[in-house]
Amino acid sequence: MNSSKKGNFLKAIVDDSGTDDTERGSQAKQVFVDDSEMGRWLRTCRKLDQAGYGASVTGAYERYSPPLARRVGTDCAIALADVVSSVAIKAGRRAAECLPAAAIKAAERLEGKEARFRSWMGLIERFAGLAPESVEAVLLKMDILLSRLNVSRLEAWLLAGVRATGIDHERRLSFFTFEDVEASRWLDHESGSVVYSDLDRELKAYLTALWGIHIPLREPPAHAPEQARRRASFSQGLIRIPPSFPGYRGEQAADLYRAALAHVGAHMMFSGDRFPIGKLKPVQVALVSLIEDARVELLAIREFPGLRRLWLPFHVAQATGSKTAPSLMARLSRALLDSDFDDEDGWIRRAHTMFYDRCGEWECPAISREIGGLIGNDLGQMRVQFNARTYVVEPPYRDDNLGLWDFGDEETPEVLEAEQLFDSIRIEEQDDDDTPPDQEREEHEKIEDEGANQVNMEFLKQDGIPVARYPEYDYVTASSRPDWTTIVEFASPAGYAHIIDDILERHAYVVNRIKVLIDSARVSRPQRINRQQEGEYLDLNACIEAVISRRMGENPDPHVYSHAERRHRDLSVHVLLDVSESTKDKVVGSDNTVLELERQATALLAHALFSIGDPFAIAAFSSNRREEVRYYRIKDFGAPYNARSKSCLAGLSSGFSTRIGAAMRHAAADLKRQQTHRKLLLVITDGEPSDIDVSDRRYLVEDARHVIHDLAHDGIDVFCVGLDSGGDSYLTRIFGRRNVVQIDRLESLPERLPMLYFRLTA
């Protein structure tokens, strides 16, 4: 609003003349009844006008701030002007112009609670600093967002978008305009809706337990139309499950997922070959599918009667529904499954009678084609309209039925891209009871190790294979985002094994010291040694025998004590190396790079562990965004430590970033399967976690710290060997001061390592 128009508006408030501005002025005077409040509001309007944000921004504030004051109070309405100003500076005039209207919607959704509204304003101001290009898009959808989220959950959703897209402005805008399907998925997650990813493992186990079926379960692809994302679907080698079922929450949503999988499993068990589509009309296709759904469900109920209790609650059609095709079909679906449902409609009764008269033929899928075709003709004669484009199968647990039909076209394999890799690669849990110790398996090393995985080696080197997804913790929301990071395993580049042998030869004295120190630390369960002449505890059995001896007049045995002693070794060690770009740097006061010092320290430690016989594994990691946390297996548990392992260790090179939390989660997954009393994850790194898609320096530090706490609950000890490069403060923040040892030269390793093992035996 220019100065003259602004002057007219302010004059209108005072003079009450008959213009549009006068109406706004009258509204303002009704809200700001006190002269002091009116004066504050007028000064706020002048301040906005003089700031030069444009007439549209000032006009929007003048238009919406009085009704806002009615809902959340005068103070909040006036405070909004500062937020408008901040948004205009950070995100531009258009975003600032949208803010007052969005504030009205927010006040309504937040039930006029002043504290909640102030939290909302603070959130919008912070978001404008994080993602200025996306503020307008978010404000335009604020009513929808707050209909599903409270302020704290809205903050979590906004941060998910910022974290997911990093510094890529175009990707970020795509997320907040909902062009990226991840936005809807995370909205479902943050709104408390049960989403497929929350139940992934449970549902796979459920399908296997119920039907003995092992088949990949996946969400629909990102480019799938909305209708395809609302119902389950299946083909010969894949089941598609909706990311969520809007409107269903808690245990009801979980039951709906189970019902959908049980239904698809029934099709796979009882449907047989696909029906040829032939010349069937769309309504006949839908009805054949409906009859087939009922047929396979009733056959499934014969085997598992409890399935009726799972499916029936989702049949909610009423007998008095309108006579539209979708309504009649939903009523028929219920009538065929629910024996207590009585529908007076003649078409439904005929279909019900026709179906149950042939109950002896339910084992034959052909009756579905026959009955469906007949009742489809009857429905056509009733002139009931059927729109195949808008039709959605009811009830919601039933699939879209596309898997039942052969459309006659030459089938092409569905492009699963990276998803196929997740199905083909799984971390196999193996029983280690029969696995010989590492050193006993050295005889089997030979050349067969080098050729065992030759087929996939080239692919592993170039592209890697995604093998697992892990959550990541966000300290701002104090919650973990599921399946946020992806571990991609690469083949370790081969180097020269003699490099490791040369290291051992040059540092023979250090090797021997380390071996002696580790061997002297008996990390195991304490065993109680009874019948000792001295000890910490009384041996009750010996004491009883001594009392009996005294009463019998005999000299009692003085060995009535016991003490705890660690006599054996019972420890698994996983060494995890940071090979990020920063490991190219020189160690302070040395000619060696950080990576060279890591390699030397690992070579000495591995040789000592191998000589003693402790089971151990070695891996390295770096990262290239959250979608590619690169993981290199150098030696696995149970595998021999041989020339091939040394070659992989010697061939490591520096590159990319340091997403340490995801790498520790993946290494811990291997460590958890070890059947030893103590499990140690030993991280060798040079300092601060970072990645190119993370701008908040604290974010990855707090995630790594959260991993340490989680692993402690799982009984895994985590220690860090820090290589002196200025990262001490970050390492102590992550691992704790007691769990970090710093070295700047290899000779200091024997001096610092005993501290680590002493803490394990304490």
# chains A, B, ... in the order shown; residues from 1 in each chain; ligands from 1
$ select_by_dssp --residues "region 173-338 of chain A" --states "strand (DSSP E)" --output "list in words"
Ser193, Val194, Val195, Leu217, Arg218, Ser233, Phe234, Ile239, Arg240, Ser244, Phe245, Pro246, Gly247, Tyr248, Arg249, Phe275 and Pro276 of chain A
$ residues_around --residues "Leu290 (chain A)" --least-positions-apart "4" --cutoff "8 Å" --atoms "only C-alpha atoms" --output "ChimeraX atom specification"
/A:286,294,329,333,372
$ write_last_selection --atoms "N, CA and C atoms" --output "PDB file, in the first residue's frame"
ATOM      1  N   ALA A 286     -15.455 -56.423 -12.872  1.00  0.00           N
ATOM      2  CA  ALA A 286     -15.507 -56.080 -11.451  1.00  0.00           C
ATOM      3  C   ALA A 286     -16.292 -57.121 -10.663  1.00  0.00           C
ATOM      4  N   ALA A 294     -14.781 -63.403  -2.834  1.00  0.00           N
ATOM      5  CA  ALA A 294     -15.589 -64.122  -1.847  1.00  0.00           C
ATOM      6  C   ALA A 294     -15.245 -65.613  -1.835  1.00  0.00           C
ATOM      7  N   MET A 329     -22.352 -53.362  -5.033  1.00  0.00           N
ATOM      8  CA  MET A 329     -21.232 -54.305  -4.976  1.00  0.00           C
ATOM      9  C   MET A 329     -20.702 -54.452  -3.553  1.00  0.00           C
ATOM     10  N   SER A 333     -20.694 -57.884  -1.425  1.00  0.00           N
ATOM     11  CA  SER A 333     -19.478 -58.409  -0.793  1.00  0.00           C
ATOM     12  C   SER A 333     -19.754 -58.813   0.642  1.00  0.00           C
ATOM     13  N   GLY A 372     -20.134 -64.340 -12.101  1.00  0.00           N
ATOM     14  CA  GLY A 372     -19.904 -62.911 -12.287  1.00  0.00           C
ATOM     15  C   GLY A 372     -20.455 -62.409 -13.599  1.00  0.00           C
TER      16      GLY A 372
END
$ closest_residue --among "A:Arg153, A:Arg625, A:Arg659, A:Arg673" --to "His574 (chain A)" --atoms "only C-alpha atoms"
A:Arg673
$ residues_around --residues "region 576-587 of chain A" --least-positions-apart "6" --cutoff "7 Å" --atoms "only C-alpha atoms" --output "ChimeraX atom specification"
/A:593-595,618-622,653-658,682-686,724-725,744
$ atom_distance --atom1 "CA of Leu538 (chain A)" --atom2 "CA of Arg569 (chain A)"
25.9 Å
